[in-house]
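*Asks:* The following file, structure.cif, comprises mmCIF, C-alpha atoms:
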```
data_structure
loop_
_atom_site.label_atom_id
_atom_site.label_comp_id
_atom_site.auth_asym_id
_atom_site.auth_seq_id
_atom_site.Cartn_x
_atom_site.Cartn_y
_atom_site.Cartn_z
CA MET A 178 22.04 -56.50 49.55
CA THR A 179 25.50 -58.12 49.62
CA GLU A 180 25.02 -59.16 53.22
CA ALA A 181 21.53 -60.45 52.46
CA CYS A 182 22.83 -62.61 49.59
CA LYS A 183 25.63 -63.91 51.80
CA THR A 184 23.13 -64.91 54.49
CA LEU A 185 20.90 -66.65 51.94
CA ASP A 186 23.91 -68.47 50.47
CA GLN A 187 24.93 -69.71 53.90
CA PHE A 188 21.42 -70.98 54.54
CA ILE A 189 21.20 -72.76 51.17
CA HIS A 190 24.63 -74.42 51.45
CA ALA A 191 23.79 -75.57 54.98
CA ARG A 192 20.57 -77.18 53.72
CA ILE A 193 22.42 -78.87 50.84
CA ALA A 194 25.01 -80.32 53.21
CA THR A 195 22.30 -81.53 55.59
CA LYS A 196 20.33 -83.08 52.75
CA ARG A 197 23.38 -84.93 51.38
CA GLU A 198 23.99 -86.35 54.85
CA GLU A 199 20.38 -87.45 55.15
CA LEU A 200 20.33 -89.11 51.73
CA SER A 201 23.55 -91.01 52.44
CA LYS A 202 21.62 -92.93 55.11
CA TYR A 203 18.97 -94.23 52.67
CA ASN A 204 19.05 -96.51 49.68
CA GLU A 205 17.07 -95.42 46.58
CA SER A 206 13.82 -97.22 47.52
CA GLU A 207 13.88 -95.86 51.06
CA THR A 208 14.63 -92.36 49.75
CA ALA A 209 11.63 -92.51 47.41
CA GLU A 210 9.34 -93.15 50.37
CA ALA A 211 10.94 -91.02 53.06
CA GLN A 212 12.14 -87.93 51.17
CA VAL A 213 9.70 -85.92 49.10
CA ASP A 214 11.10 -82.39 48.94
CA LEU A 215 12.26 -80.61 45.80
CA LEU A 216 15.95 -80.52 46.76
CA THR A 217 15.95 -84.30 47.11
CA ALA A 218 14.29 -84.60 43.70
CA LEU A 219 17.05 -82.49 42.14
CA MET A 220 19.77 -84.56 43.74
CA ARG A 221 18.18 -87.89 42.86
CA GLU A 222 16.41 -87.42 39.53
CA LEU A 223 18.94 -85.33 37.60
CA GLY A 224 21.97 -87.41 38.45
CA LYS A 225 21.01 -91.05 38.02
CA GLY A 226 23.98 -93.23 37.21
CA GLN A 227 26.46 -90.79 38.78
CA ALA A 228 28.18 -91.01 42.14
CA GLN A 229 26.95 -87.49 42.91
CA ALA A 230 24.03 -85.88 41.11
CA HIS A 231 25.32 -82.32 40.88
CA ASP A 232 27.88 -80.17 42.61
CA ASP A 233 26.83 -77.76 45.32
CA GLY A 234 27.16 -74.78 42.98
CA PHE A 235 24.47 -76.11 40.63
CA LEU A 236 22.14 -76.97 43.51
CA ARG A 237 22.72 -73.57 45.10
CA ASP A 238 21.78 -71.80 41.85
CA ALA A 239 18.65 -73.94 41.43
CA VAL A 240 17.47 -73.33 44.99
CA PHE A 241 18.32 -69.62 44.83
CA ASN A 242 16.28 -69.32 41.63
CA LEU A 243 13.28 -70.91 43.36
CA PHE A 244 13.56 -68.51 46.28
CA VAL A 245 13.91 -65.38 44.18
CA ALA A 246 12.19 -66.02 40.85
CA GLY A 247 9.63 -68.68 41.68
CA ARG A 248 8.08 -67.60 44.94
CA ASP A 249 5.56 -64.92 43.91
CA THR A 250 4.81 -66.34 40.46
CA ILE A 251 4.07 -69.86 41.71
CA THR A 252 2.06 -68.40 44.58
CA SER A 253 -0.02 -66.47 42.05
CA ALA A 254 -0.48 -69.47 39.76
CA LEU A 255 -1.56 -71.84 42.54
CA THR A 256 -3.94 -69.29 44.10
CA TRP A 257 -5.84 -68.83 40.84
CA PHE A 258 -5.65 -72.57 40.12
CA PHE A 259 -7.31 -73.50 43.43
CA TRP A 260 -9.96 -70.81 42.92
CA LEU A 261 -10.76 -72.12 39.44
CA VAL A 262 -10.89 -75.74 40.62
CA ALA A 263 -13.05 -74.84 43.63
CA THR A 264 -15.54 -73.03 41.39
CA ASN A 265 -15.58 -75.80 38.77
CA PRO A 266 -16.61 -79.03 40.58
CA LEU A 267 -16.52 -81.11 37.39
CA VAL A 268 -12.86 -80.26 36.85
CA GLU A 269 -12.10 -81.11 40.48
CA ALA A 270 -13.83 -84.48 40.09
CA LYS A 271 -11.80 -85.29 36.97
CA ILE A 272 -8.52 -84.38 38.69
CA LEU A 273 -9.38 -86.67 41.62
CA GLU A 274 -10.43 -89.43 39.25
CA GLU A 275 -7.10 -89.18 37.41
CA ILE A 276 -5.17 -89.42 40.69
CA LYS A 277 -7.24 -92.47 41.63
CA GLU A 278 -6.72 -94.06 38.22
CA LYS A 279 -2.95 -93.48 38.12
CA PHE A 280 -2.09 -94.37 41.71
CA GLY A 281 -4.83 -96.75 42.81
CA THR A 282 -7.55 -96.58 45.44
CA ASN A 283 -5.61 -98.57 48.06
CA GLN A 284 -2.92 -95.85 48.28
CA LYS A 285 -5.19 -93.08 49.53
CA SER A 286 -3.91 -93.06 53.07
CA SER A 287 -0.23 -93.15 52.10
CA LEU A 288 -0.17 -90.90 49.04
CA GLY A 289 1.91 -87.86 49.90
CA VAL A 290 3.92 -85.57 47.68
CA LEU A 291 4.48 -87.33 44.36
CA ARG A 292 7.87 -87.95 42.79
CA VAL A 293 9.01 -86.20 39.61
CA GLU A 294 8.28 -89.14 37.31
CA GLU A 295 4.87 -89.64 38.93
CA VAL A 296 3.54 -86.13 38.35
CA LYS A 297 4.29 -86.51 34.64
CA LYS A 298 1.48 -89.09 34.47
CA LEU A 299 -1.14 -86.50 35.45
CA VAL A 300 -2.17 -85.20 32.04
CA TYR A 301 -5.54 -83.72 33.04
CA LEU A 302 -3.97 -81.91 35.99
CA HIS A 303 -1.36 -80.52 33.61
CA GLY A 304 -4.15 -79.21 31.39
CA ALA A 305 -5.92 -77.61 34.35
CA ILE A 306 -2.74 -75.82 35.42
CA CYS A 307 -2.12 -74.61 31.86
CA GLU A 308 -5.67 -73.24 31.73
CA ALA A 309 -5.12 -71.38 34.99
CA LEU A 310 -1.89 -69.91 33.60
CA ARG A 311 -3.63 -68.95 30.36
CA LEU A 312 -6.49 -67.14 32.09
CA PHE A 313 -4.44 -65.71 34.96
CA PRO A 314 -0.76 -65.47 33.96
CA PRO A 315 1.41 -64.68 37.01
CA ILE A 316 3.10 -61.88 35.06
CA PRO A 317 0.10 -60.18 33.39
CA PHE A 318 2.02 -57.82 31.10
CA GLU A 319 5.53 -57.43 29.70
CA ARG A 320 7.69 -54.73 28.19
CA LYS A 321 10.05 -55.01 25.22
CA GLN A 322 12.26 -52.35 23.71
CA ALA A 323 13.76 -52.39 20.22
CA ILE A 324 17.52 -51.95 20.00
CA LYS A 325 17.28 -51.20 16.29
CA ALA A 326 14.60 -50.79 13.66
CA ASP A 327 12.56 -53.92 13.11
CA MET A 328 9.41 -55.21 11.44
CA LEU A 329 6.80 -57.26 13.31
CA PRO A 330 5.18 -60.31 11.63
CA SER A 331 2.00 -58.22 11.40
CA GLY A 332 3.80 -55.74 9.15
CA HIS A 333 4.03 -53.00 11.75
CA ARG A 334 7.31 -51.09 11.79
CA VAL A 335 9.15 -50.68 15.09
CA ASP A 336 11.60 -47.79 15.36
CA PRO A 337 14.79 -47.92 17.44
CA SER A 338 14.28 -47.45 21.20
CA THR A 339 10.52 -47.92 20.80
CA MET A 340 8.98 -49.46 23.90
CA ILE A 341 6.23 -52.03 23.42
CA LEU A 342 3.89 -53.15 26.20
CA PHE A 343 1.75 -56.23 25.69
CA SER A 344 -0.79 -57.87 27.95
CA LEU A 345 -0.42 -61.60 28.54
CA TYR A 346 -3.69 -61.44 30.48
CA ALA A 347 -5.56 -60.14 27.41
CA MET A 348 -3.78 -62.44 24.95
CA GLY A 349 -4.85 -65.48 26.97
CA ARG A 350 -8.49 -64.47 26.46
CA PHE A 351 -8.50 -63.46 22.79
CA GLU A 352 -11.16 -65.34 20.83
CA GLU A 353 -8.99 -65.00 17.70
CA ILE A 354 -6.22 -66.96 19.44
CA TRP A 355 -8.08 -69.48 21.61
CA GLY A 356 -11.48 -69.81 19.95
CA LYS A 357 -15.03 -68.95 20.94
CA ASP A 358 -14.65 -70.69 24.31
CA SER A 359 -11.61 -68.58 25.21
CA LEU A 360 -13.17 -67.35 28.47
CA GLU A 361 -14.00 -70.87 29.67
CA PHE A 362 -11.87 -72.86 32.10
CA LYS A 363 -11.44 -75.92 29.92
CA PRO A 364 -8.50 -78.27 30.66
CA GLU A 365 -9.61 -80.50 27.79
CA ARG A 366 -8.20 -78.02 25.25
CA TRP A 367 -4.72 -79.17 26.35
CA ILE A 368 -5.39 -82.89 25.89
CA SER A 369 -5.14 -84.74 22.58
CA GLN A 370 -7.53 -87.43 21.38
CA LYS A 371 -4.87 -90.00 22.31
CA GLY A 372 -4.77 -88.72 25.86
CA GLY A 373 -1.47 -86.86 25.66
CA VAL A 374 -0.60 -83.23 26.25
CA VAL A 375 -1.26 -80.98 23.24
CA TYR A 376 1.76 -78.98 22.12
CA VAL A 377 1.06 -75.25 22.05
CA PRO A 378 3.73 -72.86 20.69
CA SER A 379 5.27 -70.63 23.35
CA TYR A 380 4.41 -67.52 21.31
CA LYS A 381 0.74 -68.49 21.74
CA PHE A 382 0.88 -69.74 25.33
CA ILE A 383 3.23 -67.07 26.58
CA ALA A 384 2.91 -67.43 30.36
CA PHE A 385 6.56 -68.52 30.50
CA ASN A 386 7.73 -66.02 27.87
CA ALA A 387 9.02 -67.30 24.52
CA GLY A 388 12.06 -67.84 22.34
CA PRO A 389 15.49 -67.21 23.88
CA ARG A 390 13.83 -65.58 26.91
CA THR A 391 11.74 -68.62 27.84
CA CYS A 392 11.67 -69.10 31.60
CA LEU A 393 14.45 -71.49 32.65
CA GLY A 394 12.28 -72.77 35.48
CA LYS A 395 9.28 -73.70 33.32
CA ASP A 396 9.52 -77.49 33.71
CA LEU A 397 10.47 -77.22 37.37
CA SER A 398 7.51 -74.91 37.99
CA PHE A 399 5.08 -77.44 36.51
CA ILE A 400 6.57 -80.19 38.68
CA GLN A 401 6.31 -78.08 41.80
CA MET A 402 2.74 -76.96 41.10
CA LYS A 403 1.61 -80.52 40.36
CA MET A 404 3.20 -81.78 43.58
CA VAL A 405 1.43 -79.12 45.66
CA ALA A 406 -1.91 -79.42 43.85
CA THR A 407 -2.00 -83.21 44.13
CA ALA A 408 -0.98 -83.26 47.79
CA ILE A 409 -3.72 -80.78 48.73
CA LEU A 410 -6.59 -81.86 46.47
CA HIS A 411 -6.12 -85.54 47.28
CA LYS A 412 -6.59 -84.97 51.01
CA TYR A 413 -8.63 -81.78 51.27
CA ARG A 414 -11.60 -80.11 49.67
CA VAL A 415 -11.18 -76.40 48.99
CA GLN A 416 -14.43 -74.40 49.09
CA VAL A 417 -14.60 -70.67 48.35
CA VAL A 418 -16.28 -68.71 51.15
CA GLU A 419 -19.84 -67.78 50.19
CA GLY A 420 -20.09 -64.26 48.80
CA TYR A 421 -16.37 -63.95 48.16
CA VAL A 422 -15.44 -62.37 44.82
CA ALA A 423 -11.96 -63.05 43.45
CA THR A 424 -10.42 -59.80 42.22
CA PRO A 425 -6.99 -59.43 40.59
CA SER A 426 -4.59 -57.08 42.31
CA LEU A 427 -3.07 -54.46 40.03
CA SER A 428 0.64 -55.18 40.33
CA ILE A 429 3.61 -56.66 38.45
CA VAL A 430 2.58 -60.11 39.71
CA LEU A 431 -1.09 -61.07 39.29
CA LEU A 432 -1.93 -61.80 42.91
CA MET A 433 -5.46 -62.02 44.28
CA LYS A 434 -6.63 -58.91 46.10
CA ASP A 435 -7.17 -59.65 49.80
CA GLY A 436 -6.08 -63.25 49.22
CA LEU A 437 -8.23 -66.31 48.49
CA LYS A 438 -10.82 -66.86 51.21
CA VAL A 439 -11.71 -70.54 51.47
CA LYS A 440 -12.95 -73.23 53.79
CA ILE A 441 -10.75 -76.36 53.96
CA THR A 442 -12.30 -79.70 54.87
CA LYS A 443 -10.56 -83.05 55.03
CA ARG A 444 -11.78 -85.63 52.55
CA GLU A 445 -13.10 -88.88 53.91
CA ILE A 446 -10.67 -91.73 53.28
#
```
Would you mind giving the structure from this file in C-alpha coordinates?
*Replies:*
Amino acid sequence: MTEACKTLDQFIHARIATKREELSKYNESETAEAQVDLLTALMRELGKGQAQAHDDGFLRDAVFNLFVAGRDTITSALTWFFWLVATNPLVEAKILEEIKEKFGTNQKSSLGVLRVEEVKKLVYLHGAICEALRLFPPIPFERKQAIKADMLPSGHRVDPSTMILFSLYAMGRFEEIWGKDSLEFKPERWISQKGGVVYVPSYKFIAFNAGPRTCLGKDLSFIQMKMVATAILHKYRVQVVEGYVATPSLSIVLLMKDGLKVKITKREI
(Lines of atoms letter the chains of each structure in order from A and count residues from 1; the text may use other names and numbers.)
(Lines give C-alpha, C1' and ligand atoms only; values in the text may rest on other atoms or scores of the structure.)
Protein backbone atom coordinates (compact mmCIF):
# COMPACT_ATOMS: atom_id res chain seq x y z
CA MET A 1 0.00 0.00 0.00
CA THR A 2 2.89 2.37 0.79
CA GLU A 3 4.41 1.78 -2.61
CA ALA A 4 1.03 2.23 -4.28
CA CYS A 5 0.49 5.59 -2.55
CA LYS A 6 4.01 6.67 -3.51
CA THR A 7 3.33 5.83 -7.15
CA LEU A 8 0.03 7.71 -7.11
CA ASP A 9 1.69 10.73 -5.47
CA GLN A 10 4.38 10.79 -8.15
CA PHE A 11 1.74 10.69 -10.86
CA ILE A 12 -0.33 13.47 -9.28
CA HIS A 13 2.65 15.80 -8.67
CA ALA A 14 3.82 15.23 -12.25
CA ARG A 15 0.39 16.22 -13.57
CA ILE A 16 0.33 19.33 -11.35
CA ALA A 17 3.74 20.42 -12.60
CA THR A 18 2.72 19.82 -16.21
CA LYS A 19 -0.52 21.73 -15.74
CA ARG A 20 1.24 24.73 -14.17
CA GLU A 21 3.59 24.83 -17.15
CA GLU A 22 0.68 24.67 -19.58
CA LEU A 23 -1.26 27.42 -17.82
CA SER A 24 1.77 29.72 -17.75
CA LYS A 25 1.54 29.86 -21.55
CA TYR A 26 -2.05 31.19 -21.58
CA ASN A 27 -3.68 34.37 -20.38
CA GLU A 28 -6.99 34.04 -18.47
CA SER A 29 -9.26 34.36 -21.54
CA GLU A 30 -7.25 31.82 -23.52
CA THR A 31 -7.22 29.45 -20.54
CA ALA A 32 -11.01 29.64 -20.26
CA GLU A 33 -11.35 28.43 -23.84
CA ALA A 34 -8.48 25.97 -24.10
CA GLN A 35 -8.41 24.31 -20.67
CA VAL A 36 -11.52 22.65 -19.31
CA ASP A 37 -10.32 19.99 -16.87
CA LEU A 38 -10.99 19.95 -13.14
CA LEU A 39 -7.37 20.53 -12.09
CA THR A 40 -7.30 23.72 -14.14
CA ALA A 41 -10.55 24.83 -12.51
CA LEU A 42 -9.02 24.33 -9.05
CA MET A 43 -5.93 26.31 -9.96
CA ARG A 44 -7.85 29.14 -11.62
CA GLU A 45 -11.12 29.50 -9.73
CA LEU A 46 -9.98 29.10 -6.11
CA GLY A 47 -7.04 31.46 -6.32
CA LYS A 48 -8.19 34.55 -8.17
CA GLY A 49 -6.21 37.62 -7.21
CA GLN A 50 -3.20 35.57 -6.07
CA ALA A 51 0.06 34.95 -7.89
CA GLN A 52 -0.45 31.22 -7.37
CA ALA A 53 -3.82 29.66 -6.63
CA HIS A 54 -2.75 26.98 -4.17
CA ASP A 55 0.40 25.14 -3.25
CA ASP A 56 1.07 21.69 -4.64
CA GLY A 57 0.16 20.05 -1.32
CA PHE A 58 -3.41 21.36 -1.45
CA LEU A 59 -3.84 20.37 -5.10
CA ARG A 60 -2.38 16.93 -4.41
CA ASP A 61 -4.87 16.36 -1.58
CA ALA A 62 -7.79 17.52 -3.74
CA VAL A 63 -6.83 15.29 -6.67
CA PHE A 64 -6.10 12.32 -4.40
CA ASN A 65 -9.53 12.71 -2.82
CA LEU A 66 -11.15 12.62 -6.26
CA PHE A 67 -9.27 9.47 -7.18
CA VAL A 68 -10.01 7.61 -3.97
CA ALA A 69 -13.29 8.95 -2.58
CA GLY A 70 -15.06 10.27 -5.65
CA ARG A 71 -14.57 7.64 -8.31
CA ASP A 72 -17.15 4.97 -7.45
CA THR A 73 -19.70 7.33 -5.88
CA ILE A 74 -19.75 9.75 -8.83
CA THR A 75 -19.84 6.80 -11.22
CA SER A 76 -22.89 5.49 -9.39
CA ALA A 77 -24.62 8.88 -9.30
CA LEU A 78 -24.09 9.60 -13.01
CA THR A 79 -25.16 6.09 -14.08
CA TRP A 80 -28.51 6.40 -12.31
CA PHE A 81 -28.86 10.02 -13.44
CA PHE A 82 -28.48 9.11 -17.13
CA TRP A 83 -30.90 6.20 -16.72
CA LEU A 84 -33.50 8.46 -15.11
CA VAL A 85 -33.08 11.16 -17.76
CA ALA A 86 -33.23 8.62 -20.60
CA THR A 87 -36.48 7.18 -19.23
CA ASN A 88 -38.02 10.61 -18.59
CA PRO A 89 -38.01 12.47 -21.96
CA LEU A 90 -39.73 15.55 -20.51
CA VAL A 91 -36.92 16.03 -18.00
CA GLU A 92 -34.34 15.61 -20.76
CA ALA A 93 -36.10 18.24 -22.86
CA LYS A 94 -36.12 20.71 -19.96
CA ILE A 95 -32.41 20.17 -19.30
CA LEU A 96 -31.61 20.83 -22.96
CA GLU A 97 -33.86 23.88 -22.98
CA GLU A 98 -32.06 25.29 -19.93
CA ILE A 99 -28.66 24.79 -21.61
CA LYS A 100 -29.99 26.53 -24.72
CA GLU A 101 -31.45 29.38 -22.67
CA LYS A 102 -28.32 29.97 -20.57
CA PHE A 103 -25.68 29.62 -23.27
CA GLY A 104 -27.46 30.53 -26.50
CA THR A 105 -28.31 28.61 -29.65
CA ASN A 106 -25.32 29.91 -31.64
CA GLN A 107 -22.86 28.19 -29.27
CA LYS A 108 -24.00 24.63 -29.96
CA SER A 109 -21.00 23.61 -32.00
CA SER A 110 -18.44 25.09 -29.60
CA LEU A 111 -19.98 24.30 -26.22
CA GLY A 112 -17.67 21.88 -24.45
CA VAL A 113 -17.12 21.27 -20.77
CA LEU A 114 -18.51 24.24 -18.87
CA ARG A 115 -16.54 26.33 -16.40
CA VAL A 116 -17.25 26.32 -12.67
CA GLU A 117 -19.20 29.59 -12.68
CA GLU A 118 -21.20 28.46 -15.71
CA VAL A 119 -22.52 25.22 -14.24
CA LYS A 120 -23.92 27.18 -11.29
CA LYS A 121 -26.45 28.73 -13.69
CA LEU A 122 -28.03 25.34 -14.43
CA VAL A 123 -30.72 25.21 -11.74
CA TYR A 124 -32.95 22.58 -13.37
CA LEU A 125 -29.98 20.30 -13.99
CA HIS A 126 -29.04 20.71 -10.33
CA GLY A 127 -32.54 19.63 -9.35
CA ALA A 128 -32.37 16.60 -11.64
CA ILE A 129 -29.07 15.49 -10.11
CA CYS A 130 -30.44 15.96 -6.59
CA GLU A 131 -33.44 13.81 -7.50
CA ALA A 132 -31.16 11.08 -8.81
CA LEU A 133 -29.16 11.22 -5.57
CA ARG A 134 -32.35 11.12 -3.50
CA LEU A 135 -33.75 8.07 -5.27
CA PHE A 136 -30.43 6.28 -5.79
CA PRO A 137 -27.88 7.49 -3.21
CA PRO A 138 -24.37 6.23 -4.10
CA ILE A 139 -23.93 4.98 -0.53
CA PRO A 140 -27.30 3.28 0.11
CA PHE A 141 -26.85 2.62 3.84
CA GLU A 142 -24.67 3.78 6.71
CA ARG A 143 -23.59 2.59 10.12
CA LYS A 144 -23.22 4.63 13.31
CA GLN A 145 -22.10 3.48 16.73
CA ALA A 146 -22.75 5.27 20.01
CA ILE A 147 -19.69 6.02 22.14
CA LYS A 148 -21.88 6.70 25.16
CA ALA A 149 -25.55 6.60 26.08
CA ASP A 150 -27.66 9.00 24.05
CA MET A 151 -31.25 9.89 23.22
CA LEU A 152 -32.49 10.25 19.64
CA PRO A 153 -34.85 13.12 18.70
CA SER A 154 -37.58 10.49 18.38
CA GLY A 155 -37.21 9.66 22.07
CA HIS A 156 -35.53 6.32 21.53
CA ARG A 157 -32.70 5.54 23.93
CA VAL A 158 -29.34 4.43 22.51
CA ASP A 159 -27.06 2.46 24.82
CA PRO A 160 -23.25 2.68 24.69
CA SER A 161 -21.62 0.69 21.85
CA THR A 162 -25.01 0.20 20.18
CA MET A 163 -24.66 -0.05 16.42
CA ILE A 164 -27.32 1.62 14.27
CA LEU A 165 -27.81 0.90 10.58
CA PHE A 166 -29.97 3.21 8.51
CA SER A 167 -30.93 3.08 4.86
CA LEU A 168 -30.41 6.24 2.83
CA TYR A 169 -32.10 4.45 -0.07
CA ALA A 170 -35.30 3.95 1.97
CA MET A 171 -35.21 7.42 3.55
CA GLY A 172 -35.10 9.02 0.10
CA ARG A 173 -38.40 7.31 -0.73
CA PHE A 174 -40.37 7.82 2.48
CA GLU A 175 -43.73 9.48 1.83
CA GLU A 176 -43.60 10.98 5.34
CA ILE A 177 -40.39 12.81 4.40
CA TRP A 178 -40.85 13.69 0.72
CA GLY A 179 -44.62 13.67 0.22
CA LYS A 180 -47.03 11.53 -1.76
CA ASP A 181 -44.93 11.89 -4.93
CA SER A 182 -41.83 10.53 -3.19
CA LEU A 183 -41.33 7.77 -5.78
CA GLU A 184 -41.49 10.18 -8.73
CA PHE A 185 -38.44 11.60 -10.48
CA LYS A 186 -39.36 15.25 -10.10
CA PRO A 187 -36.56 17.86 -10.40
CA GLU A 188 -39.12 20.61 -9.82
CA ARG A 189 -39.23 19.79 -6.09
CA TRP A 190 -35.76 21.35 -5.83
CA ILE A 191 -36.68 24.62 -7.56
CA SER A 192 -38.33 27.58 -5.84
CA GLN A 193 -41.07 29.74 -7.33
CA LYS A 194 -38.41 32.39 -7.99
CA GLY A 195 -36.35 29.94 -10.00
CA GLY A 196 -33.64 29.30 -7.43
CA VAL A 197 -32.47 26.12 -5.75
CA VAL A 198 -34.60 25.11 -2.75
CA TYR A 199 -32.61 24.62 0.44
CA VAL A 200 -33.12 21.16 1.93
CA PRO A 201 -31.54 20.32 5.32
CA SER A 202 -28.74 17.77 5.11
CA TYR A 203 -30.47 15.57 7.70
CA LYS A 204 -33.34 15.24 5.21
CA PHE A 205 -31.32 15.01 2.00
CA ILE A 206 -28.58 12.83 3.42
CA ALA A 207 -26.82 11.61 0.27
CA PHE A 208 -23.71 13.54 1.36
CA ASN A 209 -24.07 12.67 5.05
CA ALA A 210 -24.85 15.44 7.55
CA GLY A 211 -23.50 17.59 10.34
CA PRO A 212 -19.76 17.41 11.09
CA ARG A 213 -19.47 14.36 8.82
CA THR A 214 -20.81 16.09 5.71
CA CYS A 215 -18.84 15.06 2.64
CA LEU A 216 -16.01 17.54 2.02
CA GLY A 217 -16.33 16.99 -1.71
CA LYS A 218 -20.05 17.79 -1.93
CA ASP A 219 -19.76 21.04 -3.91
CA LEU A 220 -16.96 19.67 -6.07
CA SER A 221 -19.05 16.57 -6.82
CA PHE A 222 -21.96 18.69 -8.04
CA ILE A 223 -19.62 20.71 -10.27
CA GLN A 224 -18.08 17.58 -11.73
CA MET A 225 -21.42 15.86 -12.35
CA LYS A 226 -22.88 18.96 -13.99
CA MET A 227 -19.84 19.29 -16.26
CA VAL A 228 -20.11 15.66 -17.38
CA ALA A 229 -23.91 15.68 -17.73
CA THR A 230 -23.94 18.89 -19.77
CA ALA A 231 -21.10 17.82 -22.06
CA ILE A 232 -22.81 14.51 -22.87
CA LEU A 233 -26.48 15.52 -23.03
CA HIS A 234 -25.77 18.59 -25.15
CA LYS A 235 -24.12 16.53 -27.89
CA TYR A 236 -25.59 13.05 -27.52
CA ARG A 237 -28.90 11.36 -26.93
CA VAL A 238 -28.80 8.47 -24.47
CA GLN A 239 -31.41 5.76 -25.11
CA VAL A 240 -31.84 2.71 -22.89
CA VAL A 241 -31.67 -0.56 -24.84
CA GLU A 242 -35.15 -2.00 -25.34
CA GLY A 243 -36.00 -4.64 -22.76
CA TYR A 244 -33.22 -3.64 -20.39
CA VAL A 245 -34.21 -3.49 -16.72
CA ALA A 246 -32.05 -1.40 -14.39
CA THR A 247 -31.32 -3.36 -11.21
CA PRO A 248 -29.32 -2.10 -8.22
CA SER A 249 -26.30 -4.16 -7.27
CA LEU A 250 -26.18 -5.18 -3.62
CA SER A 251 -22.93 -3.61 -2.46
CA ILE A 252 -21.50 -0.77 -0.37
CA VAL A 253 -21.79 1.50 -3.42
CA LEU A 254 -25.12 1.48 -5.28
CA LEU A 255 -23.89 0.51 -8.71
CA MET A 256 -26.11 -0.80 -11.49
CA LYS A 257 -26.00 -4.57 -11.93
CA ASP A 258 -24.48 -5.48 -15.30
CA GLY A 259 -23.99 -1.78 -16.06
CA LEU A 260 -26.29 0.59 -17.96
CA LYS A 261 -27.00 -0.69 -21.46
CA VAL A 262 -27.72 2.21 -23.81
CA LYS A 263 -27.58 3.35 -27.39
CA ILE A 264 -25.74 6.65 -27.97
CA THR A 265 -26.65 8.82 -30.95
CA LYS A 266 -25.21 12.19 -31.84
CA ARG A 267 -27.65 15.07 -31.77
CA GLU A 268 -28.12 17.05 -34.94
CA ILE A 269 -26.52 20.47 -34.68
*Asks:* To one decimal place in Å, what is the distance between CA of Glu445 in chain A and CA of Ser253 in chain A?
*Replies:*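 Rounded to one decimal, the two atoms are 28.5 Å apart.
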*Asks:* Applied to this file, what does the PyMOL selection byres ((chain A and resi 348) around 10) return in terms of residues, put as a list in words?
*Replies:*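 Output from the PyMOL selection byres ((chain A and resi 348) around 10), applied to this file: Arg311, Leu312, Pro314, Pro317, Phe318, Phe343, Ser344, Leu345, Tyr346, Ala347, Gly349, Arg350, Phe351, Glu352, Glu353, Ile354, Trp355, Ser359, Lys381, Phe382, Ile383 and Ala384 of chain A.
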*Asks:* Kindly indicate which residue among A:Leu393, A:Ala406, A:Ala309, A:Ala326 lies nearest to Leu360 in chain A, using only C-alpha atoms for the distances.
*Replies:*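 Nearest candidate to Leu360 in chain A out of A:Leu393, A:Ala406, A:Ala309, A:Ala326: A:Ala309.
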*Asks:* Out of A:Gly247, A:Pro337, A:Gly281, A:Gly234, which residue has the shortest atom-to-atom distance to Gln401 in chain A when counting all atoms listed in the file?
*Replies:*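 Closest candidate: A:Gly247.
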*Asks:* Expressed in Å to a single decimal, how great is the separation between CA of Arg320 in chain A and CA of Asn242 in chain A?
*Replies:* 21.6 Å
*Asks:* Need to verify the contact set: range 424-427 of chain A, 9 Å, all atoms listed in the file, exclusion of same-chain residues closer than 5 positions in sequence. Can you return it as a ChimeraX atom specification?
*Replies:* /A:313,432-436
*Asks:* Restricting the calculation to all atoms listed in the file: of A:Thr217, A:Val268, A:Gly394, A:Asp232, which residue gets closest to Val245 in chain A?
*Replies:*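 Looking at the shortest contact to Val245 in chain A, the residue is A:Gly394.
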